[in-house]
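As provided, entry-v8.cif (mmCIF, C-alpha atoms) reads as follows.
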data_entry
loop_
_atom_site.label_atom_id
_atom_site.label_comp_id
_atom_site.auth_asym_id
_atom_site.auth_seq_id
_atom_site.Cartn_x
_atom_site.Cartn_y
_atom_site.Cartn_z
CA MET A 91 114.13 93.90 84.81
CA GLY A 92 112.91 97.29 83.67
CA THR A 93 112.01 99.40 80.69
CA THR A 94 113.45 102.30 78.73
CA VAL A 95 111.22 105.34 78.25
CA THR A 96 111.68 108.65 76.43
CA CYS A 97 110.32 111.73 78.20
CA GLU A 98 108.14 113.70 75.78
CA ASN A 99 108.82 116.88 77.74
CA CYS A 100 112.64 116.99 77.75
CA LYS A 101 113.31 114.18 75.22
CA LYS A 102 115.73 112.47 77.62
CA VAL A 103 115.90 108.66 77.58
CA TYR A 104 116.18 106.77 80.87
CA ARG A 105 115.93 103.15 81.93
CA TYR A 106 113.65 102.49 84.90
CA SER A 107 113.57 99.39 87.08
CA SER A 108 110.24 97.74 87.87
CA SER A 109 110.35 99.15 91.41
CA GLU A 110 110.42 102.70 90.00
CA ILE A 111 107.38 102.13 87.79
CA GLY A 112 103.95 102.75 89.30
CA ASN A 113 100.54 101.60 88.07
CA ILE A 114 97.73 104.16 88.22
CA GLY A 115 95.35 101.90 86.31
CA THR A 116 94.12 98.46 87.31
CA ILE A 117 96.01 95.20 87.51
CA TRP A 118 94.42 93.89 84.33
CA HIS A 119 94.47 97.25 82.50
CA PRO A 120 97.64 98.87 83.75
CA ILE A 121 98.61 102.47 83.10
CA TRP A 122 102.30 102.67 83.94
CA THR A 123 103.84 105.86 85.28
CA VAL A 124 107.31 107.13 86.18
CA GLU A 125 108.80 110.51 87.00
CA CYS A 126 111.49 111.80 84.68
CA PRO A 127 114.66 112.33 86.78
CA ASN A 128 115.77 115.13 84.47
CA CYS A 129 112.76 117.45 84.32
CA GLY A 130 110.37 115.91 86.85
CA ALA A 131 107.58 115.37 84.32
CA GLN A 132 105.18 112.49 84.90
CA ILE A 133 105.40 109.95 82.08
CA THR A 134 102.53 107.52 81.49
CA TRP A 135 101.96 104.76 78.97
CA GLU A 136 99.71 101.76 78.51
CA GLN A 137 100.77 98.22 77.76
CA ASN A 138 99.09 94.86 78.12
CA ALA A 139 99.63 93.47 81.61
CA LEU A 140 100.44 89.92 80.57
CA ASP A 141 103.30 90.84 78.26
CA PHE A 142 104.71 93.92 79.99
CA PHE A 143 107.53 92.11 81.77
CA ASP A 144 108.26 89.98 78.70
CA LYS A 145 109.00 93.02 76.54
CA THR A 146 110.83 95.40 78.86
CA SER A 147 114.19 93.82 79.53
CA THR A 148 117.40 95.75 80.10
CA PRO A 149 118.68 97.33 76.87
CA LYS A 150 121.24 95.16 75.12
CA GLY A 151 124.84 96.26 74.85
CA LYS A 152 125.01 98.22 78.12
CA ASN A 153 127.04 96.28 80.64
CA ALA A 154 127.22 96.72 84.39
CA TYR A 155 130.30 98.93 84.24
CA GLU A 156 128.72 101.27 81.71
CA ARG A 157 125.57 101.48 83.82
CA ALA A 158 127.58 102.34 86.92
CA GLU A 159 129.63 104.97 85.10
CA SER A 160 126.50 106.59 83.66
CA SER A 161 124.58 106.62 86.98
CA ASP A 162 122.14 104.02 85.64
CA ILE A 163 122.01 102.15 88.96
CA ARG A 164 119.27 102.42 91.56
CA GLU A 165 120.31 104.39 94.61
CA TYR A 166 119.07 101.50 96.74
CA TRP A 167 121.95 99.34 95.53
CA ILE A 168 124.51 102.03 96.23
CA GLN A 169 123.16 102.38 99.77
CA GLU A 170 123.36 98.62 100.29
CA TYR A 171 126.92 98.53 98.99
CA VAL A 172 127.96 101.33 101.34
CA LYS A 173 126.31 99.55 104.27
CA ASP A 174 128.09 96.26 103.49
CA ASN A 175 131.46 97.78 102.55
CA HIS A 176 131.79 100.89 104.71
CA ALA A 177 135.17 99.77 106.08
CA LYS A 178 136.61 99.83 102.54
CA LEU A 179 135.50 103.45 102.29
CA GLY A 180 137.28 104.47 105.49
CA PHE A 181 134.46 104.22 108.03
CA SER A 182 135.02 102.46 111.34
CA LYS A 183 131.29 102.59 112.09
CA LEU A 184 128.19 103.31 110.01
CA GLU A 185 124.47 103.31 110.81
CA GLY A 186 121.72 103.39 108.19
CA PRO A 187 120.41 103.79 105.62
CA PHE A 188 117.56 105.79 107.12
CA ASP A 189 114.18 106.39 105.50
CA VAL A 190 114.12 110.13 106.28
CA GLY A 191 116.89 112.71 106.05
CA PRO A 192 120.54 111.90 105.30
CA ASP A 193 121.24 108.25 104.52
CA PHE A 194 123.87 107.43 107.14
CA ARG A 195 125.68 108.58 110.25
CA GLY A 196 128.93 107.07 111.42
CA VAL A 197 132.58 107.50 112.27
CA TYR A 198 135.10 108.45 109.55
CA LYS A 199 138.78 108.72 110.41
CA GLY A 200 137.91 109.00 114.09
CA LYS A 201 135.26 111.72 113.67
CA LYS A 202 131.48 111.45 113.89
CA VAL A 203 129.94 112.35 110.55
CA ILE A 204 126.64 112.53 108.71
CA VAL A 205 126.69 110.98 105.25
CA GLU A 206 124.58 111.21 102.11
CA ASN A 207 124.68 108.69 99.29
CA GLU A 208 123.91 109.49 95.62
CA ARG A 209 124.43 108.11 92.14
CA ASP A 210 126.46 111.19 91.21
CA CYS A 211 127.25 114.67 92.54
CA GLN A 212 124.57 116.36 90.44
CA SER A 213 121.88 114.25 92.12
CA PHE A 214 122.61 115.97 95.44
CA ILE A 215 121.60 119.26 93.81
CA GLN A 216 118.72 117.81 91.80
CA HIS A 217 117.22 116.43 95.01
CA LYS A 218 117.59 119.92 96.53
CA HIS A 219 119.52 118.60 99.51
CA HIS A 220 121.64 121.76 99.48
CA GLU A 221 118.47 123.73 100.32
CA ASP A 222 117.20 121.31 102.97
CA GLU A 223 118.00 122.12 106.61
CA ARG A 224 118.19 118.42 107.44
CA PHE A 225 121.24 118.10 105.18
CA LYS A 226 123.17 121.13 106.42
CA LYS A 227 125.37 118.95 108.64
CA VAL A 228 126.18 116.40 105.95
CA SER A 229 129.98 116.43 105.66
CA ILE A 230 130.51 113.44 103.36
CA LEU A 231 128.92 112.62 100.01
CA ILE A 232 129.44 109.09 98.64
CA VAL A 233 128.85 108.67 94.90
CA LEU A 234 129.20 105.86 92.37
CA ASN A 235 129.75 107.90 89.23
CA PRO A 236 133.50 108.63 88.88
CA SER A 237 132.99 112.06 87.29
CA GLU A 238 134.14 115.09 89.24
CA PRO A 239 131.43 117.67 90.01
CA PRO A 240 131.16 120.76 87.78
CA GLU A 241 132.73 123.91 89.21
CA GLU A 242 129.38 125.68 89.50
CA ILE A 243 128.03 123.20 92.07
CA LYS A 244 131.16 122.37 94.08
CA GLY A 245 130.40 125.02 96.68
CA LYS A 246 126.95 123.52 97.30
CA LEU A 247 128.23 120.00 97.99
CA PRO A 248 129.55 118.46 101.24
CA LYS A 249 133.26 119.06 101.86
CA THR A 250 134.34 115.45 101.38
CA ILE A 251 133.34 113.42 98.32
CA ILE A 252 134.11 109.69 98.25
CA HIS A 253 133.97 107.87 94.92
CA ILE A 254 133.12 104.17 95.10
CA ASP A 255 135.45 101.82 93.24
CA ILE A 256 133.30 100.70 90.30
CA ASP A 257 135.10 97.37 89.81
CA ASP A 258 134.47 96.44 93.43
CA PHE A 259 130.88 97.65 93.26
CA VAL A 260 130.07 95.63 90.12
CA GLU A 261 131.56 92.46 91.59
CA TRP A 262 129.38 92.92 94.70
CA TRP A 263 126.28 94.02 92.81
CA ARG A 264 125.93 91.51 89.97
CA PRO A 265 124.79 88.42 91.91
CA LYS A 266 122.52 90.46 94.17
CA ALA A 267 120.88 92.24 91.25
CA ARG A 268 120.26 88.97 89.42
CA ALA A 269 118.62 87.39 92.46
CA TYR A 270 116.55 90.51 93.13
CA ALA A 271 115.39 90.80 89.52
CA LYS A 272 114.35 87.15 89.46
CA THR A 273 112.39 87.50 92.69
CA LYS A 274 110.67 90.65 91.45
CA LYS A 275 109.79 89.03 88.14
CA ILE A 276 108.27 85.99 89.83
CA GLN A 277 106.23 88.20 92.15
CA GLY A 278 105.19 90.32 89.20
CA ILE A 279 103.97 87.24 87.36
CA MET A 280 102.00 86.12 90.41
CA ASP A 281 100.44 89.57 90.76
CA LEU A 282 99.40 89.67 87.12
CA ILE A 283 97.89 86.17 87.20
CA GLY A 284 96.06 87.08 90.40
CA GLY A 285 94.82 90.17 88.58
CA GLU A 286 93.41 88.00 85.81
CA PHE A 287 91.39 86.08 88.38
CA GLN A 288 90.22 89.34 89.94
CA LYS A 289 89.19 90.58 86.50
CA ARG A 290 86.99 87.54 86.04
CA PHE A 291 85.56 87.87 89.52
CA VAL A 292 84.58 91.52 89.02
CA ARG A 293 83.02 90.70 85.65
CA GLY A 294 80.53 88.33 87.25
CA CYS A 295 80.22 89.79 90.74
CA GLY A 296 76.62 90.18 91.88
CA ASP A 297 77.45 93.01 94.30
CA LYS A 298 78.65 95.57 91.76
CA ASP A 299 75.45 97.64 91.91
CA ARG A 300 75.14 97.73 95.70
CA ASP A 301 75.53 101.08 97.45
CA MET A 302 78.78 100.35 99.28
CA SER A 303 80.57 98.44 96.53
CA THR A 304 84.04 99.69 95.59
CA CYS A 305 84.43 98.05 92.16
CA PRO A 306 86.92 97.16 90.92
CA GLU A 307 88.85 97.46 94.22
CA CYS A 308 87.79 94.17 95.83
CA ASP A 309 90.20 94.68 98.73
CA LEU A 310 88.09 97.56 100.04
CA CYS A 311 84.67 96.09 99.29
CA PRO A 312 82.53 95.28 102.37
CA TYR A 313 80.70 92.59 100.38
CA PHE A 314 83.78 90.55 99.51
CA GLY A 315 84.19 87.46 101.70
CA GLU A 316 84.03 88.41 105.37
CA GLY A 317 84.31 92.09 104.52
CA THR A 318 87.81 92.51 105.95
CA ALA A 319 90.31 94.80 104.25
CA TYR A 320 92.69 93.25 101.71
CA GLU A 321 91.02 89.85 101.95
CA ALA A 322 90.70 89.80 98.16
CA SER A 323 94.43 90.14 97.48
CA THR A 324 95.14 87.12 99.65
CA LEU A 325 92.54 85.04 97.84
CA PHE A 326 93.64 85.99 94.32
CA GLN A 327 97.29 85.40 95.23
CA GLU A 328 96.30 81.98 96.55
CA MET A 329 94.51 81.27 93.29
CA ALA A 330 97.56 82.32 91.28
CA LEU A 331 99.82 80.06 93.33
CA LYS A 332 97.51 77.05 92.98
CA PHE A 333 97.07 77.74 89.27
CA ILE A 334 100.83 77.77 88.70
CA ALA A 335 101.22 74.57 90.74
CA LEU A 336 98.39 72.80 88.88
CA TYR A 337 99.58 73.63 85.38
CA LYS A 338 103.27 73.41 86.31
CA TYR A 339 104.24 76.62 84.56
CA PRO A 340 108.01 77.13 85.02
CA ILE A 341 107.77 80.72 86.24
CA THR A 342 111.18 80.49 87.92
CA SER A 343 112.85 79.78 84.59
CA ASP A 344 114.68 82.66 82.93
CA ASP A 345 113.13 81.62 79.61
CA PHE A 346 109.52 81.67 80.81
CA LYS A 347 107.18 84.07 78.99
CA LEU A 348 103.78 85.12 80.26
CA SER A 349 102.46 84.64 76.75
CA GLU A 350 102.82 80.88 77.36
CA ILE A 351 99.80 80.98 79.68
CA GLU A 352 96.58 80.05 77.92
CA PRO A 353 93.60 82.28 78.86
CA SER A 354 91.33 79.23 78.55
CA GLU A 355 93.29 77.53 81.34
CA ILE A 356 92.78 80.57 83.56
CA ASP A 357 89.05 80.43 82.74
CA LYS A 358 88.87 76.73 83.51
CA PHE A 359 90.71 77.03 86.82
CA ASN A 360 88.67 80.07 87.80
CA PHE A 361 85.43 78.23 87.09
CA HIS A 362 86.31 75.23 89.24
CA PHE A 363 87.78 77.31 92.07
CA PHE A 364 84.52 79.09 92.84
CA PRO A 365 81.47 76.98 93.74
CA ILE A 366 78.90 79.56 92.58
CA ALA A 367 79.12 79.42 88.83
CA GLU A 368 76.76 82.23 87.99
CA GLN A 369 78.93 84.72 89.87
CA MET A 370 81.99 83.88 87.85
CA VAL A 371 81.02 82.89 84.30
CA ASP A 372 79.11 84.74 81.62
CA ASN A 373 76.12 82.74 80.34
CA SER A 374 77.13 83.59 76.80
CA ASN A 375 79.94 81.06 77.17
CA CYS A 376 77.50 78.16 77.58
CA CYS A 377 77.28 75.31 75.09
CA PRO A 378 74.19 75.85 72.86
CA TYR A 379 73.73 72.08 72.55
CA CYS A 380 73.46 71.00 76.21
CA LYS A 381 72.50 74.45 77.60
CA PRO A 382 73.90 74.17 81.13
CA ASN A 383 71.86 75.95 83.79
CA LEU A 384 74.51 77.99 85.57
CA GLU A 385 72.02 79.36 88.08
CA GLU A 386 72.00 75.91 89.70
CA GLY A 387 75.72 76.20 90.37
CA ARG A 388 76.27 72.49 89.50
CA TYR A 389 74.80 69.80 87.25
CA PHE A 390 72.23 67.75 89.18
CA LEU A 391 71.65 64.08 88.36
CA PRO A 392 68.26 62.30 88.73
CA ASP A 393 69.38 60.67 91.99
CA GLY A 394 69.98 64.08 93.57
CA SER A 395 73.76 63.98 93.37
CA SER A 396 75.62 66.66 91.47
CA LEU A 397 78.70 67.18 89.35
CA PRO A 398 80.59 70.33 88.39
CA PHE A 399 80.16 71.81 84.94
CA CYS A 400 82.99 71.35 82.47
CA ILE A 401 84.92 73.91 80.45
CA ASP A 402 86.59 72.84 77.23
CA GLY A 403 89.82 74.17 75.78
CA LYS A 404 87.99 77.07 74.13
CA GLY A 405 86.38 78.22 77.36
CA VAL A 406 82.89 76.90 76.50
CA ILE A 407 80.88 75.57 79.47
CA HIS A 408 79.16 72.17 79.19
CA ASN A 409 77.08 69.80 81.26
CA PRO A 410 79.34 66.87 82.23
CA ASP A 411 77.36 64.46 80.02
CA CYS A 412 77.36 66.71 76.95
CA PRO A 413 78.18 64.63 73.84
CA LYS A 414 80.16 67.59 72.50
CA ILE A 415 82.98 66.93 74.95
CA LYS A 416 85.09 63.85 75.45
CA ARG A 417 84.92 63.91 79.22
CA ARG A 418 82.36 61.51 80.71
CA TYR A 419 81.03 61.01 84.21
CA GLU A 420 79.53 57.73 85.37
#
Let me see the file written as structure tokens.
Amino acid sequence: MGTTVTCENCKKVYRYSSSEIGNIGTIWHPIWTVECPNCGAQITWEQNALDFFDKTSTPKGKNAYERAESSDIREYWIQEYVKDNHAKLGFSKLEGPFDVGPDFRGVYKGKKVIVENERDCQSFIQHKHHEDERFKKVSILIVLNPSEPPEEIKGKLPKTIIHIDIDDFVEWWRPKARAYAKTKKIQGIMDLIGGEFQKRFVRGCGDKDRDMSTCPECDLCPYFGEGTAYEASTLFQEMALKFIALYKYPITSDDFKLSEIEPSEIDKFNFHFFPIAEQMVDNSNCCPYCKPNLEEGRYFLPDGSSLPFCIDGKGVIHNPDCPKIKRRYE
């Protein structure tokens, strides 16, 4: 799962995985951003949140072998392969990968070594490791790309360069990448649905004008719930999970598209999830025939009991006894 973007600065085209793409906008109005690996320019673009992952699949016609040979594989996967298959590469012991500094340290042909891992030899230079004191003792560079380094950079690279067998890498990588992509897509769907609920909450929130409000960042708002940090994310994720369970959307299916979700169903679920209607629903959505009083929060019967308001398929709010809807309460 990813997208292909052309850098306007250097005109290079690269494919980026979802983990490499940041969002500097909001969940419901995302502004996606990546850094061009060629020139370092920041690339930004806007695209509707609910169809972003539907429209940014891996380019057709480029198989796993071609991606590996062209360095179009995340470094994370190369690190994981090296960790799982270090014996095949000649290491009797290997520790890592580490978050800071060189990726690994271990024992190679009986000698203790420090190891760096890259997609290709040029990446070692592009990342400026040859100028970094922490990498001065790196004696082995492991790369996936089979190309030999250009003569002009050979003297700046570690003495030993190990090329990973691409056939073996692809066989190891394919099932893991599929499982990872599916998990990321499901989580992405949950995040976007949760964002839709947050969008509706912010729209009707009565605390927006208070001095300490942090709209639209509900996670940091002292007025949300108990006022604890990141309480909002937990709630909106819970709503997304219950929404998916209620409407039985097959989000684990490879064929599922976010465009299958009806906004009116999100509105309906959102309305019934929160007990205080006026905080969540715009009065302009009320039925002009029965004129529900949303300030009451519920529809009160003559005997003092109450019933929740109803929302039809178009998102219009009704009293439960409104003749304009089919639903009836006794």
Report task. Name the residues in contact with A:Ser161 at a cut-off of 9 Å, using all atoms listed in the file, excluding same-chain residues fewer than 3 positions from it; report them as a list in words. Result ->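 My reading of the contact set: Glu156, Arg157, Ala158, Arg164, Arg209, Asp210, Leu234 and Asn235 of chain A.
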**Report entry** Distance query A:Lys102 at most 10 Å, only C-alpha atoms, self and fewer than 2 positions along chain excluded, as JSON, numbers by chain
**Finding:** {"A": [95, 96, 97, 98, 99, 100, 104, 126, 127, 128, 129]}
Based on the selection just made, write C-alpha atoms of those residues as a short mmCIF file (atom, residue, chain, number, x, y, z; two decimals), in the frame of the given file.
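In the end it all went to out-v5.cif:
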data_model
loop_
_atom_site.label_atom_id
_atom_site.label_comp_id
_atom_site.auth_asym_id
_atom_site.auth_seq_id
_atom_site.Cartn_x
_atom_site.Cartn_y
_atom_site.Cartn_z
CA VAL A 95 111.22 105.34 78.25
CA THR A 96 111.68 108.65 76.43
CA CYS A 97 110.32 111.73 78.20
CA GLU A 98 108.14 113.70 75.78
CA ASN A 99 108.82 116.88 77.74
CA CYS A 100 112.64 116.99 77.75
CA TYR A 104 116.18 106.77 80.87
CA CYS A 126 111.49 111.80 84.68
CA PRO A 127 114.66 112.33 86.78
CA ASN A 128 115.77 115.13 84.47
CA CYS A 129 112.76 117.45 84.32
#
Report task. For atom CA of A:Phe225 and atom CA of A:Gly191, determine how far apart the two atoms are, in Å to one decimal place. Result ->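 Going from atom CA of A:Phe225 over to atom CA of A:Gly191, I get 7.0 Å.
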Query raised in the report: Which residue gives the smallest distance to A:Ile168 among A:Thr93, A:Ser343, A:Thr134, A:Asn207, with all atoms listed in the file counted?
Result: A:Asn207
Requested in this report: Please measure the separation of atom CA of A:Tyr106 and atom CA of A:Cys211, giving the value in Å to one decimal.
Outcome: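 The value is 19.8 Å.
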Query raised in the report: Quick one, how far is atom CA of A:Lys249 from atom CA of A:Pro192?
Result: 15.0 Å
Requested in this report: Compile the contact shell of A:Val260 as a list of chain:residue names: residues with an atom at most 9 Å away, counting only C-alpha atoms, same-chain residues fewer than 5 positions apart removed.
Outcome: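 Final neighbour list, sorted by chain and number: A:Ala154, A:Tyr155, A:Ala158, A:Asp255.
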Requested in this report: Evaluate the PyMOL selection byres ((chain A and resi 194) around 12) and record the selected residues as a PyMOL selection string, following the chain and residue labels used in the document.
Outcome: chain A and resi 169-170+172-173+176+181+183-193+195-198+202-208+225+227-232
Query - Residue nearest A:Tyr171 - candidates A:Ala131, A:Ile111, A:Ile256, A:Val103, atoms counted: all atoms listed in the file - result: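 Looking only at the distances to A:Tyr171, the closest residue turns out to be A:Ile256.
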Requested in this report: Can you turn the PyMOL selection byres ((chain A and resi 408) around 7) into a concrete residue list for this file, as a PyMOL selection string?
Outcome: chain A and resi 376-377+380+382+399-401+406-407+409-410+412
Give me the result of the PyMOL selection byres ((chain A and resi 239) around 12) on this file, residue by residue, as a JSON list (two decimals) with C-alpha atoms, keeping the file's coordinate frame.
[["chain", "number", "residue", "atom", "x", "y", "z"],
["A", 210, "ASP", "CA", 126.46, 111.19, 91.21],
["A", 211, "CYS", "CA", 127.25, 114.67, 92.54],
["A", 212, "GLN", "CA", 124.57, 116.36, 90.44],
["A", 213, "SER", "CA", 121.88, 114.25, 92.12],
["A", 214, "PHE", "CA", 122.61, 115.97, 95.44],
["A", 215, "ILE", "CA", 121.60, 119.26, 93.81],
["A", 231, "LEU", "CA", 128.92, 112.62, 100.01],
["A", 233, "VAL", "CA", 128.85, 108.67, 94.90],
["A", 235, "ASN", "CA", 129.75, 107.90, 89.23],
["A", 236, "PRO", "CA", 133.50, 108.63, 88.88],
["A", 237, "SER", "CA", 132.99, 112.06, 87.29],
["A", 238, "GLU", "CA", 134.14, 115.09, 89.24],
["A", 240, "PRO", "CA", 131.16, 120.76, 87.78],
["A", 241, "GLU", "CA", 132.73, 123.91, 89.21],
["A", 242, "GLU", "CA", 129.38, 125.68, 89.50],
["A", 243, "ILE", "CA", 128.03, 123.20, 92.07],
["A", 244, "LYS", "CA", 131.16, 122.37, 94.08],
["A", 245, "GLY", "CA", 130.40, 125.02, 96.68],
["A", 246, "LYS", "CA", 126.95, 123.52, 97.30],
["A", 247, "LEU", "CA", 128.23, 120.00, 97.99],
["A", 248, "PRO", "CA", 129.55, 118.46, 101.24],
["A", 250, "THR", "CA", 134.34, 115.45, 101.38],
["A", 251, "ILE", "CA", 133.34, 113.42, 98.32],
["A", 252, "ILE", "CA", 134.11, 109.69, 98.25],
["A", 253, "HIS", "CA", 133.97, 107.87, 94.92]]
Query - Nearest to A:Gln288, chosen from A:Asp344, A:Asp393, A:Asp357, A:Glu316, with only C-alpha atoms counted in the distances - result: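 Nearest to A:Gln288: A:Asp357.
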Let me have the centre and edge lengths of the axis-aligned box enclosing all listed atoms of stretch 235-244 of chain A with 8 Å padding on every side, in Å to one decimal, as lines of an AutoDock Vina configuration file.
center_x = 131.1
center_y = 116.8
center_z = 90.7
size_x = 22.1
size_y = 33.8
size_z = 22.8
Query raised in the report: Of the candidates A:Thr273, A:Trp263, A:Asp257, A:Gly315, which shows the shortest atom-to-atom distance to A:Glu159, using only C-alpha atoms?
Result: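 So, comparing all the options, the nearest one is A:Asp257.
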Query - Distance query A:Cys305 at most 10 Å, only C-alpha atoms, self and fewer than 5 positions along chain excluded, as an MDAnalysis selection string - result: chainID A and resid 292:293 295 297:300 310:311
**Report entry** Residues within 9 Å of (96.8, 89.2, 95.5), file coords, only C-alpha atoms, listed as a list in words
**Finding:**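 Every residue inside that radius is included here: Met280, Asp281, Leu282, Ile283, Gly284, Gly285, Gln288, Tyr320, Glu321, Ala322, Ser323, Thr324, Leu325, Phe326, Gln327, Glu328, Met329 and Ala330 of chain A.
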